[in-house]
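Structure below is structure.pdb: PDB, C-alpha atoms.
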```
MODEL        1
ATOM      1  CA  MET C   1     -20.139  19.706  27.622
ATOM      2  CA  ALA C   2     -17.718  19.418  24.685
ATOM      3  CA  ASP C   3     -17.006  15.924  23.193
ATOM      4  CA  LYS C   4     -13.350  15.197  24.042
ATOM      5  CA  LYS C   5     -13.100  11.950  22.016
ATOM      6  CA  ILE C   6     -10.972  12.208  18.876
ATOM      7  CA  ASN C   7     -12.356  10.848  15.622
ATOM      8  CA  THR C   8     -10.679   8.717  12.920
ATOM      9  CA  THR C   9      -9.653  11.743  10.813
ATOM     10  CA  GLU C  10      -7.832  13.252  13.791
ATOM     11  CA  ILE C  11      -6.118   9.928  14.625
ATOM     12  CA  ASN C  12      -4.952   9.650  11.003
ATOM     13  CA  ALA C  13      -3.655  13.234  11.084
ATOM     14  CA  ILE C  14      -1.622  12.497  14.238
ATOM     15  CA  LEU C  15      -0.214   9.280  12.734
ATOM     16  CA  GLU C  16       0.711  11.147   9.546
ATOM     17  CA  VAL C  17       2.668  13.737  11.522
ATOM     18  CA  PHE C  18       4.780  11.018  13.135
ATOM     19  CA  ALA C  19       5.009   8.789  10.043
ATOM     20  CA  GLU C  20       8.481   9.977   9.128
ATOM     21  CA  SER C  21       9.774   9.469  12.651
ATOM     22  CA  ARG C  22       8.348   5.896  12.733
ATOM     23  CA  GLU C  23       9.970   5.117   9.397
ATOM     24  CA  ILE C  24      13.397   6.243  10.643
ATOM     25  CA  LYS C  25      12.991   4.142  13.810
ATOM     26  CA  ALA C  26      12.001   1.101  11.721
ATOM     27  CA  ASN C  27      15.399   1.231  10.055
ATOM     28  CA  ILE C  28      17.298   1.044  13.315
ATOM     29  CA  ILE C  29      15.659  -2.040  14.838
ATOM     30  CA  LYS C  30      18.302  -3.831  16.853
ATOM     31  CA  GLN C  31      18.578  -7.492  15.997
ATOM     32  CA  SER C  32      19.617 -10.028  18.620
ATOM     33  CA  LYS C  33      23.164 -11.371  18.860
ATOM     34  CA  THR C  34      21.858 -14.830  17.950
ATOM     35  CA  PHE C  35      20.426 -13.427  14.719
ATOM     36  CA  LYS C  36      23.704 -11.704  13.819
ATOM     37  CA  ALA C  37      25.726 -14.832  14.588
ATOM     38  CA  LEU C  38      23.391 -16.996  12.473
ATOM     39  CA  LEU C  39      23.476 -14.533   9.579
ATOM     40  CA  LEU C  40      27.284 -14.538   9.718
ATOM     41  CA  LEU C  41      27.374 -18.338   9.853
ATOM     42  CA  CYS C  42      25.067 -18.713   6.827
ATOM     43  CA  ASN C  43      27.021 -16.119   4.853
ATOM     44  CA  ALA C  44      30.314 -17.797   5.745
ATOM     45  CA  TYR C  45      28.921 -21.163   4.590
ATOM     46  CA  VAL C  46      27.894 -19.738   1.216
ATOM     47  CA  VAL C  47      31.111 -17.742   0.731
ATOM     48  CA  VAL C  48      33.332 -20.770   1.481
ATOM     49  CA  PHE C  49      31.164 -22.881  -0.860
ATOM     50  CA  LEU C  50      31.580 -20.305  -3.648
ATOM     51  CA  VAL C  51      35.330 -19.910  -3.061
ATOM     52  CA  ILE C  52      35.884 -23.679  -3.265
ATOM     53  CA  TYR C  53      33.805 -23.802  -6.439
ATOM     54  CA  TYR C  54      35.785 -21.013  -8.117
ATOM     55  CA  PHE C  55      39.098 -22.575  -7.019
ATOM     56  CA  LEU C  56      38.094 -25.986  -8.395
ATOM     57  CA  ASN C  57      36.749 -24.448 -11.574
ATOM     58  CA  SER C  58      39.983 -22.525 -12.145
ATOM     59  CA  ASN C  59      42.211 -25.540 -11.344
ATOM     60  CA  LEU C  60      43.672 -23.748  -8.327
ATOM     61  CA  LEU C  61      42.706 -26.564  -5.982
ATOM     62  CA  TYR C  62      43.837 -30.166  -6.207
ATOM     63  CA  ALA C  63      40.861 -32.387  -6.965
ATOM     64  CA  VAL C  64      41.213 -35.897  -5.559
ATOM     65  CA  ASP C  65      38.968 -37.290  -8.273
ATOM     66  CA  ALA C  66      39.554 -36.064 -11.840
ATOM     67  CA  ASP C  67      35.892 -36.752 -12.709
ATOM     68  CA  LEU C  68      34.995 -33.921 -10.385
ATOM     69  CA  ILE C  69      36.438 -31.428 -12.830
ATOM     70  CA  ASN C  70      35.319 -33.073 -16.043
ATOM     71  CA  GLY C  71      32.034 -34.706 -15.204
ATOM     72  CA  ASP C  72      28.437 -33.634 -14.969
ATOM     73  CA  PHE C  73      28.970 -32.942 -11.302
ATOM     74  CA  LEU C  74      30.771 -29.676 -12.044
ATOM     75  CA  THR C  75      27.811 -28.525 -14.149
ATOM     76  CA  VAL C  76      25.550 -29.107 -11.177
ATOM     77  CA  PHE C  77      28.055 -27.423  -8.856
ATOM     78  CA  ASN C  78      28.173 -24.439 -11.232
ATOM     79  CA  GLY C  79      24.378 -24.056 -11.311
ATOM     80  CA  ARG C  80      24.052 -24.405  -7.545
ATOM     81  CA  ALA C  81      26.842 -21.851  -6.934
ATOM     82  CA  ASN C  82      25.062 -19.293  -9.137
ATOM     83  CA  VAL C  83      21.680 -19.780  -7.519
ATOM     84  CA  MET C  84      23.186 -19.718  -3.997
ATOM     85  CA  PHE C  85      24.973 -16.440  -4.767
ATOM     86  CA  TRP C  86      21.784 -14.645  -5.894
ATOM     87  CA  LEU C  87      19.715 -16.166  -3.111
ATOM     88  CA  PHE C  88      22.063 -14.984  -0.372
ATOM     89  CA  LEU C  89      22.410 -11.594  -2.004
ATOM     90  CA  GLY C  90      18.616 -11.366  -1.721
ATOM     91  CA  ILE C  91      18.665 -12.489   1.929
ATOM     92  CA  ASN C  92      21.280  -9.894   2.897
ATOM     93  CA  MET C  93      19.427  -7.122   1.071
ATOM     94  CA  ALA C  94      16.143  -8.164   2.691
ATOM     95  CA  ALA C  95      17.823  -8.072   6.130
ATOM     96  CA  TYR C  96      19.361  -4.660   5.456
ATOM     97  CA  PHE C  97      16.167  -3.052   4.143
ATOM     98  CA  ASN C  98      13.908  -4.979   6.554
ATOM     99  CA  LEU C  99      11.712  -6.104   3.677
ATOM    100  CA  GLY C 100      10.510  -9.659   3.061
ATOM    101  CA  PHE C 101      13.331 -11.254   5.053
ATOM    102  CA  LYS C 102      11.265 -14.188   6.339
ATOM    103  CA  VAL C 103       9.962 -14.912   2.843
ATOM    104  CA  MET C 104      13.534 -14.903   1.484
ATOM    105  CA  CYS C 105      14.624 -17.314   4.242
ATOM    106  CA  LEU C 106      11.680 -19.597   3.448
ATOM    107  CA  ILE C 107      12.592 -19.567  -0.264
ATOM    108  CA  ALA C 108      16.273 -20.312   0.524
ATOM    109  CA  LEU C 109      15.286 -23.137   2.871
ATOM    110  CA  VAL C 110      12.968 -24.703   0.281
ATOM    111  CA  PHE C 111      15.616 -24.350  -2.435
ATOM    112  CA  MET C 112      18.326 -25.972  -0.289
ATOM    113  CA  LEU C 113      16.024 -28.826   0.761
ATOM    114  CA  ASN C 114      15.164 -29.424  -2.879
ATOM    115  CA  THR C 115      18.810 -29.453  -3.962
ATOM    116  CA  THR C 116      19.668 -31.908  -1.185
ATOM    117  CA  VAL C 117      16.861 -34.265  -2.231
ATOM    118  CA  ASP C 118      17.914 -33.962  -5.895
ATOM    119  CA  ASN C 119      21.542 -34.709  -5.016
ATOM    120  CA  VAL C 120      20.603 -37.731  -2.933
ATOM    121  CA  ILE C 121      18.406 -39.144  -5.708
ATOM    122  CA  ILE C 122      20.728 -38.514  -8.655
ATOM    123  CA  PHE C 123      24.212 -38.817  -7.212
ATOM    124  CA  SER C 124      23.844 -41.262  -4.313
ATOM    125  CA  GLU C 125      24.840 -44.216  -6.514
ATOM    126  CA  LEU C 126      27.511 -42.365  -8.476
ATOM    127  CA  ILE C 127      29.474 -40.493  -5.822
ATOM    128  CA  SER C 128      31.581 -41.602  -2.926
ATOM    129  CA  LEU C 129      32.024 -38.961  -0.262
ATOM    130  CA  ASP C 130      35.655 -40.063   0.256
ATOM    131  CA  ASP C 131      36.510 -38.940  -3.285
ATOM    132  CA  ARG C 132      35.341 -35.408  -2.697
ATOM    133  CA  PRO C 133      36.657 -34.172   0.657
ATOM    134  CA  TYR C 134      35.925 -30.506  -0.103
ATOM    135  CA  LEU C 135      32.314 -31.250  -0.835
ATOM    136  CA  THR C 136      31.800 -33.795   1.903
ATOM    137  CA  ILE C 137      32.036 -31.081   4.525
ATOM    138  CA  PHE C 138      29.188 -29.220   2.815
ATOM    139  CA  ILE C 139      27.026 -32.298   2.445
ATOM    140  CA  VAL C 140      27.552 -33.308   6.068
ATOM    141  CA  SER C 141      27.012 -29.793   7.455
ATOM    142  CA  ARG C 142      23.919 -29.085   5.346
ATOM    143  CA  PRO C 143      21.354 -30.122   8.024
ATOM    144  CA  LEU C 144      23.001 -27.583  10.345
ATOM    145  CA  VAL C 145      22.461 -24.880   7.720
ATOM    146  CA  PHE C 146      18.781 -25.853   7.435
ATOM    147  CA  VAL C 147      18.405 -25.382  11.170
ATOM    148  CA  ALA C 148      20.379 -22.116  11.025
ATOM    149  CA  LEU C 149      18.171 -20.734   8.221
ATOM    150  CA  ALA C 150      14.939 -21.637  10.011
ATOM    151  CA  TRP C 151      16.277 -20.170  13.273
ATOM    152  CA  LEU C 152      17.398 -17.041  11.387
ATOM    153  CA  ALA C 153      13.860 -16.451  10.088
ATOM    154  CA  LEU C 154      12.301 -17.065  13.479
ATOM    155  CA  SER C 155      14.712 -14.805  15.375
ATOM    156  CA  PHE C 156      14.341 -11.899  12.929
ATOM    157  CA  LYS C 157      12.636  -8.872  14.471
ATOM    158  CA  ASP C 158      10.785  -6.794  11.883
ATOM    159  CA  THR C 159       8.948  -4.568  14.399
ATOM    160  CA  PHE C 160       9.862  -3.095  17.785
ATOM    161  CA  ASP C 161       7.670  -5.486  19.760
ATOM    162  CA  GLY C 162       8.857  -8.462  17.721
ATOM    163  CA  ASN C 163       5.468  -9.080  16.109
ATOM    164  CA  GLU C 164       5.171  -9.748  12.419
ATOM    165  CA  ARG C 165       4.056  -6.782  10.349
TER     166      ARG C 165
ATOM    167  CA  MET G   1     -14.690 -21.605   4.896
ATOM    168  CA  VAL G   2     -15.128 -18.510   7.076
ATOM    169  CA  ALA G   3     -11.413 -17.719   6.801
ATOM    170  CA  VAL G   4     -11.579 -17.622   2.994
ATOM    171  CA  LYS G   5     -14.857 -15.623   2.908
ATOM    172  CA  LYS G   6     -13.236 -12.913   5.032
ATOM    173  CA  TYR G   7     -10.617 -12.284   2.328
ATOM    174  CA  GLN G   8     -12.945 -12.223  -0.705
ATOM    175  CA  PHE G   9     -10.379 -13.503  -3.216
ATOM    176  CA  THR G  10     -10.715 -12.470  -6.841
ATOM    177  CA  LYS G  11     -11.881 -14.727  -9.662
ATOM    178  CA  LEU G  12      -8.281 -14.664 -10.922
ATOM    179  CA  PHE G  13      -7.162 -16.309  -7.672
ATOM    180  CA  TRP G  14      -9.677 -19.128  -8.046
ATOM    181  CA  GLY G  15      -8.768 -19.396 -11.741
ATOM    182  CA  SER G  16      -5.096 -19.783 -10.768
ATOM    183  CA  PHE G  17      -6.092 -22.332  -8.121
ATOM    184  CA  ILE G  18      -7.994 -24.411 -10.706
ATOM    185  CA  GLY G  19      -5.161 -23.935 -13.258
ATOM    186  CA  ALA G  20      -2.524 -25.191 -10.807
ATOM    187  CA  TYR G  21      -4.657 -28.196  -9.827
ATOM    188  CA  GLY G  22      -5.392 -28.968 -13.482
ATOM    189  CA  PHE G  23      -1.685 -28.881 -14.351
ATOM    190  CA  LEU G  24      -0.706 -31.166 -11.479
ATOM    191  CA  LEU G  25      -3.493 -33.667 -12.201
ATOM    192  CA  LEU G  26      -2.449 -33.746 -15.858
ATOM    193  CA  ALA G  27       1.180 -34.329 -14.828
ATOM    194  CA  ILE G  28       0.150 -37.165 -12.484
ATOM    195  CA  PHE G  29      -1.863 -38.702 -15.328
ATOM    196  CA  ALA G  30       1.174 -38.446 -17.649
ATOM    197  CA  ILE G  31       3.429 -40.181 -15.111
ATOM    198  CA  ALA G  32       0.891 -42.867 -14.277
ATOM    199  CA  THR G  33       0.400 -43.752 -17.947
ATOM    200  CA  LEU G  34       4.088 -43.678 -18.931
ATOM    201  CA  PRO G  35       4.677 -46.553 -21.390
ATOM    202  CA  ASP G  36       7.276 -49.186 -20.422
ATOM    203  CA  ASN G  37       9.238 -48.816 -23.684
ATOM    204  CA  VAL G  38      10.204 -45.269 -22.722
ATOM    205  CA  PHE G  39      13.310 -46.691 -21.027
ATOM    206  CA  ASP G  40      14.458 -48.489 -24.165
ATOM    207  CA  THR G  41      15.770 -45.290 -25.716
ATOM    208  CA  TRP G  42      19.444 -44.505 -26.292
ATOM    209  CA  ASP G  43      19.414 -42.063 -23.386
ATOM    210  CA  ASP G  44      18.268 -44.594 -20.815
ATOM    211  CA  ILE G  45      20.349 -43.266 -17.866
ATOM    212  CA  HIS G  46      19.172 -39.680 -18.261
ATOM    213  CA  VAL G  47      15.521 -40.669 -18.622
ATOM    214  CA  ARG G  48      15.835 -42.950 -15.580
ATOM    215  CA  ALA G  49      17.328 -40.094 -13.501
ATOM    216  CA  ALA G  50      14.437 -37.822 -14.530
ATOM    217  CA  THR G  51      11.864 -40.500 -13.733
ATOM    218  CA  LYS G  52      13.372 -41.169 -10.304
ATOM    219  CA  LEU G  53      13.212 -37.445  -9.569
ATOM    220  CA  ILE G  54       9.636 -37.197 -10.842
ATOM    221  CA  TYR G  55       8.410 -40.032  -8.608
ATOM    222  CA  VAL G  56       9.892 -38.382  -5.501
ATOM    223  CA  ARG G  57       8.539 -34.962  -6.487
ATOM    224  CA  PHE G  58       5.075 -36.309  -7.162
ATOM    225  CA  SER G  59       4.807 -38.080  -3.850
ATOM    226  CA  ILE G  60       5.227 -34.589  -2.314
ATOM    227  CA  VAL G  61       2.776 -33.106  -4.853
ATOM    228  CA  ILE G  62       0.066 -35.627  -3.910
ATOM    229  CA  PHE G  63       0.369 -34.620  -0.230
ATOM    230  CA  ALA G  64       0.150 -30.946  -1.263
ATOM    231  CA  LEU G  65      -2.878 -31.555  -3.511
ATOM    232  CA  LEU G  66      -4.762 -33.277  -0.723
ATOM    233  CA  GLY G  67      -3.685 -30.988   2.134
ATOM    234  CA  TYR G  68      -3.791 -27.548   0.504
ATOM    235  CA  PRO G  69      -7.594 -27.057   0.324
ATOM    236  CA  ILE G  70      -7.888 -28.047   3.990
ATOM    237  CA  ILE G  71      -5.245 -25.479   4.972
ATOM    238  CA  LEU G  72      -6.754 -22.757   2.737
ATOM    239  CA  PHE G  73     -10.253 -23.167   4.171
ATOM    240  CA  THR G  74      -8.960 -23.394   7.742
ATOM    241  CA  SER G  75      -6.318 -20.658   8.038
ATOM    242  CA  VAL G  76      -5.390 -18.159   5.332
ATOM    243  CA  LYS G  77      -2.282 -17.136   7.306
ATOM    244  CA  ILE G  78      -0.852 -20.674   7.219
ATOM    245  CA  ALA G  79      -2.024 -21.044   3.596
ATOM    246  CA  LYS G  80       0.044 -17.961   2.729
ATOM    247  CA  SER G  81       3.270 -19.527   4.045
ATOM    248  CA  VAL G  82       2.455 -22.905   2.469
ATOM    249  CA  THR G  83       1.710 -21.267  -0.910
ATOM    250  CA  ILE G  84       4.968 -19.280  -0.830
ATOM    251  CA  ALA G  85       6.911 -22.438   0.106
ATOM    252  CA  LEU G  86       5.260 -24.476  -2.675
ATOM    253  CA  THR G  87       5.845 -21.671  -5.204
ATOM    254  CA  ALA G  88       9.503 -21.453  -4.162
ATOM    255  CA  TRP G  89       9.779 -25.218  -4.543
ATOM    256  CA  ALA G  90       8.126 -25.197  -8.002
ATOM    257  CA  ILE G  91      10.470 -22.404  -9.158
ATOM    258  CA  ALA G  92      13.478 -24.178  -7.592
ATOM    259  CA  ILE G  93      12.774 -27.405  -9.493
ATOM    260  CA  TYR G  94      12.159 -25.420 -12.692
ATOM    261  CA  ILE G  95      15.510 -23.619 -12.313
ATOM    262  CA  ASP G  96      17.165 -26.913 -11.336
ATOM    263  CA  ASP G  97      15.853 -28.682 -14.430
ATOM    264  CA  TYR G  98      16.908 -25.990 -16.900
ATOM    265  CA  LEU G  99      19.977 -24.415 -15.275
ATOM    266  CA  VAL G 100      21.541 -27.178 -13.185
ATOM    267  CA  LEU G 101      20.414 -30.659 -14.221
ATOM    268  CA  TYR G 102      19.962 -30.100 -17.959
ATOM    269  CA  GLN G 103      22.921 -32.392 -18.786
ATOM    270  CA  ILE G 104      21.900 -35.112 -16.363
ATOM    271  CA  ILE G 105      18.157 -35.567 -16.774
ATOM    272  CA  GLU G 106      15.997 -35.896 -19.832
ATOM    273  CA  TYR G 107      12.231 -36.087 -19.813
ATOM    274  CA  PRO G 108      10.626 -38.862 -21.874
ATOM    275  CA  GLN G 109       9.863 -37.758 -25.435
ATOM    276  CA  ARG G 110       6.110 -38.035 -25.472
ATOM    277  CA  GLY G 111       3.389 -35.663 -26.685
ATOM    278  CA  LEU G 112       1.739 -35.185 -23.292
ATOM    279  CA  VAL G 113       5.086 -34.718 -21.480
ATOM    280  CA  ASN G 114       6.149 -32.101 -24.058
ATOM    281  CA  PHE G 115       2.831 -30.295 -23.600
ATOM    282  CA  ILE G 116       3.267 -30.295 -19.803
ATOM    283  CA  GLN G 117       6.800 -28.905 -20.183
ATOM    284  CA  ALA G 118       5.466 -26.172 -22.485
ATOM    285  CA  ILE G 119       2.752 -25.003 -20.068
ATOM    286  CA  ARG G 120       4.996 -25.206 -16.996
ATOM    287  CA  PRO G 121       5.625 -21.420 -16.926
ATOM    288  CA  LEU G 122       1.838 -20.889 -16.821
ATOM    289  CA  PHE G 123       1.638 -23.154 -13.779
ATOM    290  CA  LEU G 124       4.378 -21.088 -12.094
ATOM    291  CA  ALA G 125       2.506 -17.888 -12.986
ATOM    292  CA  CYS G 126      -0.635 -19.300 -11.319
ATOM    293  CA  LEU G 127       1.304 -20.107  -8.137
ATOM    294  CA  ILE G 128       3.016 -16.693  -8.087
ATOM    295  CA  TRP G 129      -0.340 -14.947  -8.486
ATOM    296  CA  MET G 130      -1.810 -16.968  -5.598
ATOM    297  CA  SER G 131       1.211 -16.110  -3.387
ATOM    298  CA  PHE G 132       0.888 -12.388  -4.148
ATOM    299  CA  GLU G 133      -2.843 -12.336  -3.562
ATOM    300  CA  LEU G 134      -2.521 -14.202  -0.262
ATOM    301  CA  THR G 135       0.269 -11.828   0.842
ATOM    302  CA  PHE G 136      -1.158  -8.473  -0.186
ATOM    303  CA  ARG G 137      -4.940  -8.855   0.027
ATOM    304  CA  PRO G 138      -6.097  -7.568   3.420
ATOM    305  CA  PRO G 139      -9.082  -9.262   5.110
ATOM    306  CA  GLU G 140     -12.453  -7.531   4.654
ATOM    307  CA  VAL G 141     -13.452  -5.462   7.688
ATOM    308  CA  ASP G 142     -16.922  -6.253   9.085
TER     309      ASP G 142
ENDMDL
END
```
In structure tokens, how does this file's structure come out?
Amino acid sequence: MADKKINTTEINAILEVFAESREIKANIIKQSKTFKALLLLCNAYVVVFLVIYYFLNSNLLYAVDADLINGDFLTVFNGRANVMFWLFLGINMAAYFNLGFKVMCLIALVFMLNTTVDNVIIFSELISLDDRPYLTIFIVSRPLVFVALAWLALSFKDTFDGNER
Amino acid sequence: MVAVKKYQFTKLFWGSFIGAYGFLLLAIFAIATLPDNVFDTWDDIHVRAATKLIYVRFSIVIFALLGYPIILFTSVKIAKSVTIALTAWAIAIYIDDYLVLYQIIEYPQRGLVNFIQAIRPLFLACLIWMSFELTFRPPEVD
């Protein structure tokens, strides 16, 4: 009687035939509504942060405290705005191309935690939140963004069955 | 130990591991033996800000130094995430120091501290290599 079992070479040949089809399907993985909402929320947070920075930097927004414009704080704000921009560009590209999204979220989360700790250590004695109403909203809402970023990474589906590749 | 044996990491990985540990131990030694007169300089506020930051960072580093080998020899999958997170953190503080906080902090002017600052990119390279190897090296099939 003939052996009906297929060997590894034949399995590989079959997989190769359907490789293109699997690749196309991988690009159309439907993400959950929660994921989309969280991605929008995080992007909105960063965009508003950048807009306020550019407005303050260009003197288009009234700063309650003049030191905000002249002091070291603006240097820090400038650096953070640049890093945030590139980081979220990376996150959006990773989500679009379905490549390394969870790693990008982890990097963003670590970066934001580090900046928060740095800010608390360096500026806690120098800054009153009342003097900087535009920034206070970001400082106060930051824990929410941490949760949103972690949730974003966990709710991301990079395969059809939801398992990590 | 079994988890690590399954992956058969290269000598470069273990070299990076030893390099990263060596760097951190050297940095801890530099902080622990910081002379008291370092705060008497003209730039007292900036040095103080840097020192405050360093103490907080190194309390995290000590936890990482003690916990990392346990994680690596127990689960390579968790070690991968931890290594990526620690690498991201090391790069974040490097970028922060040179791009964001360069006007606010100043490291004490001391031979050992200058040497540590100079070899900092090598430490980052070690961590990046470890992250890549943990991510892309598949486990050996029995």
Practice problem: Residues of chain G near chain C: apply a cut-off of 6 Å, count all atoms listed in the file, and supply the list as a ChimeraX atom specification. | Solution: /G:88-89,92,99-100
Can those selected residues be exported to a file as a tab-separated table (two decimals), in the coordinates of the input so that it contains C-alpha atoms?
```tsv
chain	number	residue	atom	x	y	z
G	88	ALA	CA	9.50	-21.45	-4.16
G	89	TRP	CA	9.78	-25.22	-4.54
G	92	ALA	CA	13.48	-24.18	-7.59
G	99	LEU	CA	19.98	-24.42	-15.28
G	100	VAL	CA	21.54	-27.18	-13.18
```
Practice problem: Specify as a ChimeraX atom specification each residue included when the PyMOL selection byres ((chain C and resi 105) around 12) is applied to this file. | Solution: /C:39,42,87-95,99-104,106-112,145-156 /G:81,84-85,88
Exercise. Rounded to one decimal place, report the atom CA of C:Val140-atom CA of G:Tyr102 distance in Å.
Key: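 Distance between the two atoms: 25.4 Å.
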Would you compute, for all listed atoms of stretch 84-101 of chain G, the axis-aligned bounding box grown by 5 Å on each side, and then report its centre and edge lengths in Å rounded to one decimal, as lines of an AutoDock Vina configuration file?
```
center_x = 13.3
center_y = -25.0
center_z = -8.4
size_x = 26.6
size_y = 21.4
size_z = 27.0
```
Self-check item: Answer as a list in words, residues within 9 Å of (3.4, -34.2, -10.8) using only C-alpha atoms
Solution: Phe23, Leu24, Leu25, Leu26, Ala27, Ile28, Phe29, Ala30, Ile31, Ile54, Tyr55, Arg57, Phe58, Ser59, Ile60, Val61 and Ile62 of chain G
Quiz item: Which is closest to C:Trp86 among C:Lys33, C:Leu15, C:Ser58, C:Val47, if we use only C-alpha atoms?
Solution: C:Val47
Practice problem: Please identify all polymer residues within 12 Å of C:Ser141, counting all atoms listed in the file, omitting same-chain residues fewer than 6 positions from it, and present them as a ChimeraX atom specification. | Solution: /C:41-42,45-46,49,116,134-135,147-148
Quiz item: Mind telling me what the PyMOL selection byres ((chain G and resi 127) around 9) catches here, as a PyMOL selection string?
Solution: chain G and resi 16-17+20+83-84+86-87+90+122-126+128-132
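What separates atom CA of G:Ile93 from atom CA of G:Ala118 is a distance of 15.0 Å.
Taking atom CA of G:Tyr98 and atom CA of G:Phe115 as endpoints, the distance between them is 16.2 Å.
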Quiz item: Any idea what's packed within 10 Å of G:Phe9, counting only C-alpha atoms, ignoring anything in its chain fewer than 6 positions away? Could you give it as a VMD selection string?
Solution: chain G and resid 130 133 to 134 137 to 139
Quiz item: In terms of the shortest atom-to-atom distance over all atoms listed in the file, which of G:Ile119, G:Leu53, G:Gly67, G:Leu112 is closest to G:Pro35?
Solution: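 Checking each candidate against G:Pro35, we get G:Leu112 as the closest.
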